[in-house]
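To be precise, the following lines are coords-v7.cif, and they hold mmCIF, N, CA, C and O atoms.
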```
data_my_file
loop_
_atom_site.label_atom_id
_atom_site.label_comp_id
_atom_site.auth_asym_id
_atom_site.auth_seq_id
_atom_site.Cartn_x
_atom_site.Cartn_y
_atom_site.Cartn_z
N MET A 1 52.99 5.21 -16.15
CA MET A 1 51.86 5.18 -17.05
C MET A 1 51.87 3.83 -17.75
O MET A 1 52.92 3.30 -18.12
N THR A 2 50.71 3.25 -17.94
CA THR A 2 50.58 1.97 -18.62
C THR A 2 49.81 2.18 -19.92
O THR A 2 48.76 2.82 -19.92
N LEU A 3 50.36 1.67 -21.00
CA LEU A 3 49.70 1.76 -22.31
C LEU A 3 49.29 0.36 -22.74
O LEU A 3 49.99 -0.62 -22.46
N ARG A 4 48.19 0.29 -23.44
CA ARG A 4 47.72 -1.00 -23.96
C ARG A 4 48.73 -1.58 -24.95
O ARG A 4 49.43 -0.84 -25.65
N LYS A 5 48.76 -2.90 -25.00
CA LYS A 5 49.70 -3.61 -25.86
C LYS A 5 49.52 -3.22 -27.33
O LYS A 5 50.50 -3.04 -28.06
N ASP A 6 48.29 -3.03 -27.79
CA ASP A 6 48.05 -2.67 -29.19
C ASP A 6 48.57 -1.26 -29.51
O ASP A 6 49.06 -1.01 -30.61
N LEU A 7 48.53 -0.35 -28.53
CA LEU A 7 49.07 0.99 -28.74
C LEU A 7 50.59 0.94 -28.83
O LEU A 7 51.20 1.61 -29.67
N LEU A 8 51.21 0.15 -27.95
CA LEU A 8 52.66 0.00 -27.99
C LEU A 8 53.10 -0.57 -29.34
O LEU A 8 54.06 -0.11 -29.95
N ALA A 9 52.39 -1.59 -29.81
CA ALA A 9 52.73 -2.22 -31.09
C ALA A 9 52.58 -1.21 -32.23
O ALA A 9 53.42 -1.15 -33.13
N HIS A 10 51.54 -0.39 -32.19
CA HIS A 10 51.31 0.63 -33.21
C HIS A 10 52.46 1.64 -33.25
O HIS A 10 52.87 2.09 -34.32
N LEU A 11 53.01 1.95 -32.08
CA LEU A 11 54.10 2.91 -31.99
C LEU A 11 55.47 2.27 -32.22
O LEU A 11 56.48 2.95 -32.27
N GLY A 12 55.50 0.93 -32.34
CA GLY A 12 56.76 0.23 -32.52
C GLY A 12 57.57 0.15 -31.23
O GLY A 12 58.79 0.08 -31.26
N ILE A 13 56.87 0.15 -30.11
CA ILE A 13 57.51 0.11 -28.80
C ILE A 13 57.25 -1.25 -28.16
O ILE A 13 56.12 -1.72 -28.12
N GLN A 14 58.31 -1.87 -27.65
CA GLN A 14 58.20 -3.16 -26.98
C GLN A 14 57.84 -2.93 -25.51
O GLN A 14 58.26 -1.94 -24.92
N PRO A 15 57.06 -3.85 -24.91
CA PRO A 15 56.75 -3.71 -23.48
C PRO A 15 58.02 -3.60 -22.66
O PRO A 15 58.98 -4.34 -22.88
N GLY A 16 58.06 -2.63 -21.75
CA GLY A 16 59.23 -2.40 -20.91
C GLY A 16 60.26 -1.48 -21.51
O GLY A 16 61.19 -1.05 -20.82
N GLN A 17 60.14 -1.15 -22.79
CA GLN A 17 61.10 -0.27 -23.45
C GLN A 17 60.85 1.17 -23.00
O GLN A 17 59.72 1.58 -22.75
N ARG A 18 61.90 1.96 -22.92
CA ARG A 18 61.77 3.37 -22.55
C ARG A 18 61.12 4.15 -23.69
O ARG A 18 61.29 3.81 -24.86
N ILE A 19 60.41 5.20 -23.31
CA ILE A 19 59.68 6.02 -24.28
C ILE A 19 60.15 7.47 -24.16
O ILE A 19 60.31 8.00 -23.07
N ASP A 20 60.39 8.10 -25.32
CA ASP A 20 60.65 9.54 -25.37
C ASP A 20 59.32 10.23 -25.59
O ASP A 20 58.48 9.77 -26.37
N VAL A 21 59.12 11.35 -24.90
CA VAL A 21 57.89 12.13 -25.04
C VAL A 21 58.25 13.52 -25.50
O VAL A 21 59.09 14.19 -24.92
N GLU A 22 57.61 13.97 -26.58
CA GLU A 22 57.80 15.33 -27.08
C GLU A 22 56.51 16.11 -26.87
O GLU A 22 55.43 15.64 -27.22
N VAL A 23 56.63 17.29 -26.26
CA VAL A 23 55.47 18.14 -26.01
C VAL A 23 55.20 18.97 -27.26
O VAL A 23 56.09 19.64 -27.78
N LEU A 24 53.98 18.88 -27.76
CA LEU A 24 53.57 19.60 -28.96
C LEU A 24 52.57 20.70 -28.59
O LEU A 24 51.96 20.64 -27.52
N PRO A 25 52.38 21.66 -29.48
CA PRO A 25 51.39 22.72 -29.22
C PRO A 25 49.98 22.12 -29.06
O PRO A 25 49.70 21.04 -29.56
N GLY A 26 49.14 22.84 -28.36
CA GLY A 26 47.75 22.42 -28.22
C GLY A 26 47.56 21.32 -27.18
O GLY A 26 46.57 20.60 -27.21
N GLY A 27 48.52 21.15 -26.28
CA GLY A 27 48.38 20.15 -25.22
C GLY A 27 48.56 18.73 -25.69
O GLY A 27 48.12 17.80 -25.04
N ARG A 28 49.21 18.54 -26.83
CA ARG A 28 49.42 17.19 -27.37
C ARG A 28 50.82 16.68 -27.02
O ARG A 28 51.74 17.46 -26.81
N LEU A 29 50.94 15.36 -26.98
CA LEU A 29 52.21 14.71 -26.73
C LEU A 29 52.50 13.74 -27.87
O LEU A 29 51.58 13.14 -28.42
N GLU A 30 53.76 13.60 -28.21
CA GLU A 30 54.17 12.63 -29.22
C GLU A 30 55.08 11.61 -28.53
O GLU A 30 56.04 11.97 -27.87
N LEU A 31 54.74 10.32 -28.66
CA LEU A 31 55.50 9.25 -28.04
C LEU A 31 56.26 8.47 -29.10
O LEU A 31 55.74 8.22 -30.17
N HIS A 32 57.48 8.09 -28.77
CA HIS A 32 58.23 7.19 -29.65
C HIS A 32 59.26 6.45 -28.81
O HIS A 32 59.61 6.87 -27.71
N ALA A 33 59.72 5.32 -29.33
CA ALA A 33 60.69 4.50 -28.61
C ALA A 33 61.99 5.28 -28.43
O ALA A 33 62.45 5.94 -29.35
N GLU A 34 62.55 5.19 -27.23
CA GLU A 34 63.83 5.84 -26.97
C GLU A 34 64.92 5.12 -27.75
O GLU A 34 64.96 3.89 -27.77
N GLN A 35 65.77 5.86 -28.40
CA GLN A 35 66.87 5.29 -29.17
C GLN A 35 68.04 5.01 -28.24
O GLN A 35 68.39 5.85 -27.41
N ALA A 36 68.64 3.85 -28.40
CA ALA A 36 69.80 3.49 -27.59
C ALA A 36 70.96 4.44 -27.90
O ALA A 36 71.18 4.81 -29.04
N THR A 37 71.70 4.81 -26.86
CA THR A 37 72.81 5.73 -27.05
C THR A 37 74.06 5.01 -27.54
O THR A 37 74.92 5.61 -28.15
N GLY A 38 74.16 3.72 -27.23
CA GLY A 38 75.32 2.96 -27.69
C GLY A 38 76.58 3.27 -26.91
O GLY A 38 77.67 2.99 -27.37
N SER A 39 76.45 3.82 -25.70
CA SER A 39 77.65 4.15 -24.92
C SER A 39 78.24 2.89 -24.30
O SER A 39 77.53 1.94 -24.00
N ILE A 40 79.53 2.89 -24.10
CA ILE A 40 80.21 1.74 -23.50
C ILE A 40 79.77 1.57 -22.05
O ILE A 40 79.69 0.45 -21.55
N ASN A 41 79.42 2.66 -21.37
CA ASN A 41 78.97 2.57 -19.98
C ASN A 41 77.68 1.76 -19.85
O ASN A 41 77.48 1.07 -18.86
N GLY A 42 76.82 1.84 -20.84
CA GLY A 42 75.60 1.05 -20.82
C GLY A 42 75.84 -0.41 -21.11
O GLY A 42 75.04 -1.27 -20.77
N PHE A 43 76.96 -0.71 -21.72
CA PHE A 43 77.29 -2.08 -22.10
C PHE A 43 78.06 -2.82 -21.01
O PHE A 43 77.85 -4.01 -20.77
N ILE A 44 78.92 -2.11 -20.30
CA ILE A 44 79.77 -2.74 -19.29
C ILE A 44 78.89 -3.39 -18.22
O ILE A 44 78.01 -2.79 -17.67
N GLY A 45 79.15 -4.64 -17.97
CA GLY A 45 78.42 -5.38 -16.95
C GLY A 45 77.12 -5.99 -17.44
O GLY A 45 76.44 -6.67 -16.69
N LEU A 46 76.76 -5.78 -18.68
CA LEU A 46 75.50 -6.28 -19.22
C LEU A 46 75.40 -7.79 -19.10
O LEU A 46 74.36 -8.33 -18.79
N LEU A 47 76.50 -8.48 -19.37
CA LEU A 47 76.48 -9.94 -19.35
C LEU A 47 77.12 -10.53 -18.09
O LEU A 47 77.31 -11.74 -18.01
N ALA A 48 77.42 -9.69 -17.12
CA ALA A 48 78.08 -10.16 -15.90
C ALA A 48 77.26 -11.25 -15.23
O ALA A 48 76.05 -11.15 -15.08
N GLY A 49 77.95 -12.33 -14.85
CA GLY A 49 77.31 -13.42 -14.14
C GLY A 49 76.54 -14.39 -15.01
O GLY A 49 75.96 -15.34 -14.51
N ARG A 50 76.50 -14.19 -16.31
CA ARG A 50 75.73 -15.08 -17.18
C ARG A 50 76.54 -16.28 -17.66
O ARG A 50 75.98 -17.20 -18.23
N SER A 51 77.84 -16.25 -17.43
CA SER A 51 78.70 -17.35 -17.84
C SER A 51 79.91 -17.39 -16.92
O SER A 51 80.36 -16.36 -16.44
N SER A 52 80.44 -18.59 -16.70
CA SER A 52 81.64 -18.71 -15.89
C SER A 52 82.90 -18.64 -16.77
O SER A 52 84.00 -18.61 -16.26
N HIS A 53 82.72 -18.59 -18.10
CA HIS A 53 83.85 -18.57 -19.03
C HIS A 53 84.45 -17.16 -19.09
O HIS A 53 83.75 -16.17 -19.22
N CYS A 54 85.77 -17.10 -18.97
CA CYS A 54 86.50 -15.85 -19.16
C CYS A 54 87.24 -15.95 -20.48
O CYS A 54 88.10 -16.82 -20.64
N ALA A 55 86.91 -15.10 -21.42
CA ALA A 55 87.54 -15.14 -22.74
C ALA A 55 88.97 -14.62 -22.64
O ALA A 55 89.25 -13.66 -21.92
N SER A 56 89.85 -15.29 -23.38
CA SER A 56 91.24 -14.83 -23.44
C SER A 56 91.33 -13.64 -24.38
O SER A 56 90.41 -13.38 -25.18
N LEU A 57 92.42 -12.93 -24.32
CA LEU A 57 92.63 -11.81 -25.23
C LEU A 57 92.60 -12.29 -26.68
O LEU A 57 92.03 -11.61 -27.55
N GLU A 58 93.16 -13.47 -26.94
CA GLU A 58 93.13 -14.04 -28.30
C GLU A 58 91.70 -14.30 -28.76
O GLU A 58 91.33 -13.98 -29.89
N GLU A 59 90.86 -14.85 -27.88
CA GLU A 59 89.45 -15.10 -28.23
C GLU A 59 88.72 -13.78 -28.50
O GLU A 59 87.92 -13.70 -29.44
N LEU A 60 88.99 -12.78 -27.70
CA LEU A 60 88.36 -11.46 -27.92
C LEU A 60 88.80 -10.87 -29.26
O LEU A 60 87.98 -10.32 -30.00
N ASN A 61 90.09 -10.98 -29.57
CA ASN A 61 90.59 -10.46 -30.85
C ASN A 61 89.97 -11.20 -32.03
O ASN A 61 89.61 -10.59 -33.04
N GLN A 62 89.84 -12.53 -31.92
CA GLN A 62 89.22 -13.31 -33.01
C GLN A 62 87.76 -12.91 -33.20
O GLN A 62 87.30 -12.75 -34.33
N ALA A 63 87.03 -12.76 -32.10
CA ALA A 63 85.63 -12.38 -32.18
C ALA A 63 85.47 -10.99 -32.80
O ALA A 63 84.61 -10.76 -33.65
N ALA A 64 86.33 -10.06 -32.39
CA ALA A 64 86.26 -8.70 -32.93
C ALA A 64 86.60 -8.70 -34.42
O ALA A 64 85.92 -8.05 -35.22
N SER A 65 87.63 -9.45 -34.80
CA SER A 65 88.01 -9.52 -36.22
C SER A 65 86.91 -10.12 -37.06
O SER A 65 86.60 -9.63 -38.15
N ALA A 66 86.30 -11.19 -36.57
CA ALA A 66 85.21 -11.84 -37.31
C ALA A 66 84.02 -10.90 -37.43
O ALA A 66 83.38 -10.82 -38.47
N GLY A 67 83.72 -10.17 -36.35
CA GLY A 67 82.60 -9.24 -36.37
C GLY A 67 82.81 -8.13 -37.38
O GLY A 67 81.92 -7.79 -38.16
N TRP A 68 84.02 -7.54 -37.39
CA TRP A 68 84.32 -6.47 -38.33
C TRP A 68 84.32 -6.97 -39.77
O TRP A 68 83.98 -6.24 -40.69
N ALA A 69 84.68 -8.25 -39.96
CA ALA A 69 84.71 -8.82 -41.30
C ALA A 69 83.33 -9.31 -41.74
O ALA A 69 83.15 -9.74 -42.86
N GLY A 70 82.35 -9.21 -40.83
CA GLY A 70 80.99 -9.64 -41.17
C GLY A 70 80.84 -11.15 -41.22
O GLY A 70 79.97 -11.67 -41.90
N LEU A 71 81.68 -11.86 -40.47
CA LEU A 71 81.66 -13.32 -40.51
C LEU A 71 80.75 -13.94 -39.48
O LEU A 71 80.64 -15.15 -39.42
N GLY A 72 80.12 -13.16 -38.64
CA GLY A 72 79.19 -13.72 -37.66
C GLY A 72 79.92 -14.35 -36.50
O GLY A 72 80.83 -13.77 -35.94
N ASP A 73 79.56 -15.60 -36.17
CA ASP A 73 80.11 -16.30 -35.00
C ASP A 73 81.55 -16.69 -35.25
O ASP A 73 81.85 -17.50 -36.11
N ALA A 74 82.45 -16.14 -34.46
CA ALA A 74 83.89 -16.41 -34.63
C ALA A 74 84.23 -17.84 -34.30
O ALA A 74 85.24 -18.36 -34.74
N ASN A 75 83.38 -18.53 -33.51
CA ASN A 75 83.65 -19.90 -33.12
C ASN A 75 83.03 -20.92 -34.07
O ASN A 75 83.24 -22.11 -33.92
N ALA A 76 82.26 -20.46 -35.03
CA ALA A 76 81.60 -21.37 -35.97
C ALA A 76 82.64 -22.02 -36.89
O ALA A 76 83.60 -21.38 -37.29
N GLN A 77 82.42 -23.27 -37.18
CA GLN A 77 83.31 -23.99 -38.07
C GLN A 77 82.95 -23.65 -39.52
O GLN A 77 81.78 -23.55 -39.86
N PRO A 78 83.94 -23.49 -40.40
CA PRO A 78 83.64 -23.20 -41.79
C PRO A 78 82.89 -24.36 -42.44
O PRO A 78 83.09 -25.51 -42.10
N SER A 79 82.06 -24.02 -43.36
CA SER A 79 81.27 -25.03 -44.08
C SER A 79 82.19 -25.83 -45.01
O SER A 79 83.06 -25.29 -45.66
N THR A 80 81.96 -27.16 -45.07
CA THR A 80 82.77 -28.01 -45.94
C THR A 80 82.02 -28.39 -47.20
O THR A 80 82.54 -29.09 -48.05
N SER A 81 80.77 -27.93 -47.32
CA SER A 81 80.00 -28.27 -48.52
C SER A 81 80.43 -27.38 -49.68
O SER A 81 80.79 -26.22 -49.48
N PRO A 82 80.39 -27.90 -50.90
CA PRO A 82 80.82 -27.12 -52.08
C PRO A 82 79.91 -25.98 -52.40
O PRO A 82 78.81 -25.87 -52.12
#
```

Written as structure tokens, that's how I'd like the structure from this file.
Amino acid sequence: MTLRKDLLAHLGIQPGQRIDVEVLPGGRLELHAEQATGSINGFIGLLAGRSSHCASLEELNQAASAGWAGLGDANAQPSTSP
């Protein structure tokens, strides 16, 4: 099924995004953007082939620590401005 761009925008759905459909009484349907499940299976292989760099365990640990600490990019240099 193809929906017009303005209808997708009204529903908060991006082109190509999956849609959940709920059947309502009276022959009506309710559409909304499918919520990501966040499973690791959906993530594995997502970035495969996009870089030739293989991160070391130390780099992975630094990135995870920075992410949990809310520091953003683990490779970013700290600001030297006062």

Report as an NGL selection string the residues that result from applying the PyMOL selection byres ((chain A and resi 34) around 6) to the structure here.
:A and (18-20 or 32-33 or 35-36)

For the residues in that selection, give me N, CA, C and O atoms as a PDB file, in the frame of the given file.
```pdb
ATOM      1  N   ARG A  18      61.900   1.960 -22.920  1.00  0.00           N
ATOM      2  CA  ARG A  18      61.770   3.370 -22.550  1.00  0.00           C
ATOM      3  C   ARG A  18      61.120   4.150 -23.690  1.00  0.00           C
ATOM      4  O   ARG A  18      61.290   3.810 -24.860  1.00  0.00           O
ATOM      5  N   ILE A  19      60.410   5.200 -23.310  1.00  0.00           N
ATOM      6  CA  ILE A  19      59.680   6.020 -24.280  1.00  0.00           C
ATOM      7  C   ILE A  19      60.150   7.470 -24.160  1.00  0.00           C
ATOM      8  O   ILE A  19      60.310   8.000 -23.070  1.00  0.00           O
ATOM      9  N   ASP A  20      60.390   8.100 -25.320  1.00  0.00           N
ATOM     10  CA  ASP A  20      60.650   9.540 -25.370  1.00  0.00           C
ATOM     11  C   ASP A  20      59.320  10.230 -25.590  1.00  0.00           C
ATOM     12  O   ASP A  20      58.480   9.770 -26.370  1.00  0.00           O
ATOM     13  N   HIS A  32      57.480   8.090 -28.770  1.00  0.00           N
ATOM     14  CA  HIS A  32      58.230   7.190 -29.650  1.00  0.00           C
ATOM     15  C   HIS A  32      59.260   6.450 -28.810  1.00  0.00           C
ATOM     16  O   HIS A  32      59.610   6.870 -27.710  1.00  0.00           O
ATOM     17  N   ALA A  33      59.720   5.320 -29.330  1.00  0.00           N
ATOM     18  CA  ALA A  33      60.690   4.500 -28.610  1.00  0.00           C
ATOM     19  C   ALA A  33      61.990   5.280 -28.430  1.00  0.00           C
ATOM     20  O   ALA A  33      62.450   5.940 -29.350  1.00  0.00           O
ATOM     21  N   GLN A  35      65.770   5.860 -28.400  1.00  0.00           N
ATOM     22  CA  GLN A  35      66.870   5.290 -29.170  1.00  0.00           C
ATOM     23  C   GLN A  35      68.040   5.010 -28.240  1.00  0.00           C
ATOM     24  O   GLN A  35      68.390   5.850 -27.410  1.00  0.00           O
ATOM     25  N   ALA A  36      68.640   3.850 -28.400  1.00  0.00           N
ATOM     26  CA  ALA A  36      69.800   3.490 -27.590  1.00  0.00           C
ATOM     27  C   ALA A  36      70.960   4.440 -27.900  1.00  0.00           C
ATOM     28  O   ALA A  36      71.180   4.810 -29.040  1.00  0.00           O
TER      29      ALA A  36
END
```

Pairwise distance for atom CA of Pro15 of chain A and atom CA of Leu3 of chain A, rounded to one decimal in Å:
9.0 Å

How far is it from atom C of Gly16 of chain A to atom N of His53 of chain A, in Å with one decimal?
28.4 Å

As an mmCIF file, keeping the file's coordinate frame, could you write out segment 61-72 of chain A once it has been completed with all heavy atoms?
```cif
data_model
loop_
_atom_site.group_PDB
_atom_site.id
_atom_site.type_symbol
_atom_site.label_atom_id
_atom_site.label_comp_id
_atom_site.auth_asym_id
_atom_site.auth_seq_id
_atom_site.Cartn_x
_atom_site.Cartn_y
_atom_site.Cartn_z
ATOM 1 N N ASN A 61 90.090 -10.980 -29.570
ATOM 2 C CA ASN A 61 90.590 -10.460 -30.850
ATOM 3 C C ASN A 61 89.970 -11.200 -32.030
ATOM 4 O O ASN A 61 89.610 -10.590 -33.040
ATOM 5 C CB ASN A 61 92.118 -10.561 -30.906
ATOM 6 C CG ASN A 61 92.790 -9.489 -30.071
ATOM 7 O OD1 ASN A 61 92.229 -8.431 -29.845
ATOM 8 N ND2 ASN A 61 93.997 -9.779 -29.597
ATOM 9 N N GLN A 62 89.840 -12.530 -31.920
ATOM 10 C CA GLN A 62 89.220 -13.310 -33.010
ATOM 11 C C GLN A 62 87.760 -12.910 -33.200
ATOM 12 O O GLN A 62 87.300 -12.750 -34.330
ATOM 13 C CB GLN A 62 89.322 -14.800 -32.711
ATOM 14 C CG GLN A 62 90.699 -15.366 -32.876
ATOM 15 C CD GLN A 62 90.771 -16.842 -32.482
ATOM 16 O OE1 GLN A 62 89.856 -17.377 -31.868
ATOM 17 N NE2 GLN A 62 91.867 -17.483 -32.851
ATOM 18 N N ALA A 63 87.030 -12.760 -32.100
ATOM 19 C CA ALA A 63 85.630 -12.380 -32.180
ATOM 20 C C ALA A 63 85.470 -10.990 -32.800
ATOM 21 O O ALA A 63 84.610 -10.760 -33.650
ATOM 22 C CB ALA A 63 84.981 -12.426 -30.795
ATOM 23 N N ALA A 64 86.330 -10.060 -32.390
ATOM 24 C CA ALA A 64 86.260 -8.700 -32.930
ATOM 25 C C ALA A 64 86.600 -8.700 -34.420
ATOM 26 O O ALA A 64 85.920 -8.050 -35.220
ATOM 27 C CB ALA A 64 87.212 -7.781 -32.173
ATOM 28 N N SER A 65 87.630 -9.450 -34.800
ATOM 29 C CA SER A 65 88.010 -9.520 -36.220
ATOM 30 C C SER A 65 86.910 -10.120 -37.060
ATOM 31 O O SER A 65 86.600 -9.630 -38.150
ATOM 32 C CB SER A 65 89.288 -10.348 -36.388
ATOM 33 O OG SER A 65 90.365 -9.726 -35.744
ATOM 34 N N ALA A 66 86.300 -11.190 -36.570
ATOM 35 C CA ALA A 66 85.210 -11.840 -37.310
ATOM 36 C C ALA A 66 84.020 -10.900 -37.430
ATOM 37 O O ALA A 66 83.380 -10.820 -38.470
ATOM 38 C CB ALA A 66 84.802 -13.139 -36.616
ATOM 39 N N GLY A 67 83.720 -10.170 -36.350
ATOM 40 C CA GLY A 67 82.600 -9.240 -36.370
ATOM 41 C C GLY A 67 82.810 -8.130 -37.380
ATOM 42 O O GLY A 67 81.920 -7.790 -38.160
ATOM 43 N N TRP A 68 84.020 -7.540 -37.390
ATOM 44 C CA TRP A 68 84.320 -6.470 -38.330
ATOM 45 C C TRP A 68 84.320 -6.970 -39.770
ATOM 46 O O TRP A 68 83.980 -6.240 -40.690
ATOM 47 C CB TRP A 68 85.667 -5.825 -38.012
ATOM 48 C CG TRP A 68 85.569 -4.831 -36.906
ATOM 49 C CD1 TRP A 68 86.027 -4.992 -35.638
ATOM 50 C CD2 TRP A 68 84.955 -3.546 -36.949
ATOM 51 N NE1 TRP A 68 85.737 -3.878 -34.887
ATOM 52 C CE2 TRP A 68 85.088 -2.973 -35.669
ATOM 53 C CE3 TRP A 68 84.305 -2.816 -37.939
ATOM 54 C CZ2 TRP A 68 84.596 -1.707 -35.360
ATOM 55 C CZ3 TRP A 68 83.826 -1.550 -37.628
ATOM 56 C CH2 TRP A 68 83.970 -1.022 -36.358
ATOM 57 N N ALA A 69 84.680 -8.250 -39.960
ATOM 58 C CA ALA A 69 84.710 -8.820 -41.300
ATOM 59 C C ALA A 69 83.330 -9.310 -41.740
ATOM 60 O O ALA A 69 83.150 -9.740 -42.860
ATOM 61 C CB ALA A 69 85.700 -9.986 -41.353
ATOM 62 N N GLY A 70 82.350 -9.210 -40.830
ATOM 63 C CA GLY A 70 80.990 -9.640 -41.170
ATOM 64 C C GLY A 70 80.840 -11.150 -41.220
ATOM 65 O O GLY A 70 79.970 -11.670 -41.900
ATOM 66 N N LEU A 71 81.680 -11.860 -40.470
ATOM 67 C CA LEU A 71 81.660 -13.320 -40.510
ATOM 68 C C LEU A 71 80.750 -13.940 -39.480
ATOM 69 O O LEU A 71 80.640 -15.150 -39.420
ATOM 70 C CB LEU A 71 83.089 -13.860 -40.324
ATOM 71 C CG LEU A 71 84.098 -13.411 -41.380
ATOM 72 C CD1 LEU A 71 85.480 -13.955 -41.046
ATOM 73 C CD2 LEU A 71 83.659 -13.860 -42.758
ATOM 74 N N GLY A 72 80.120 -13.160 -38.640
ATOM 75 C CA GLY A 72 79.190 -13.720 -37.660
ATOM 76 C C GLY A 72 79.920 -14.350 -36.500
ATOM 77 O O GLY A 72 80.830 -13.770 -35.940
#
```
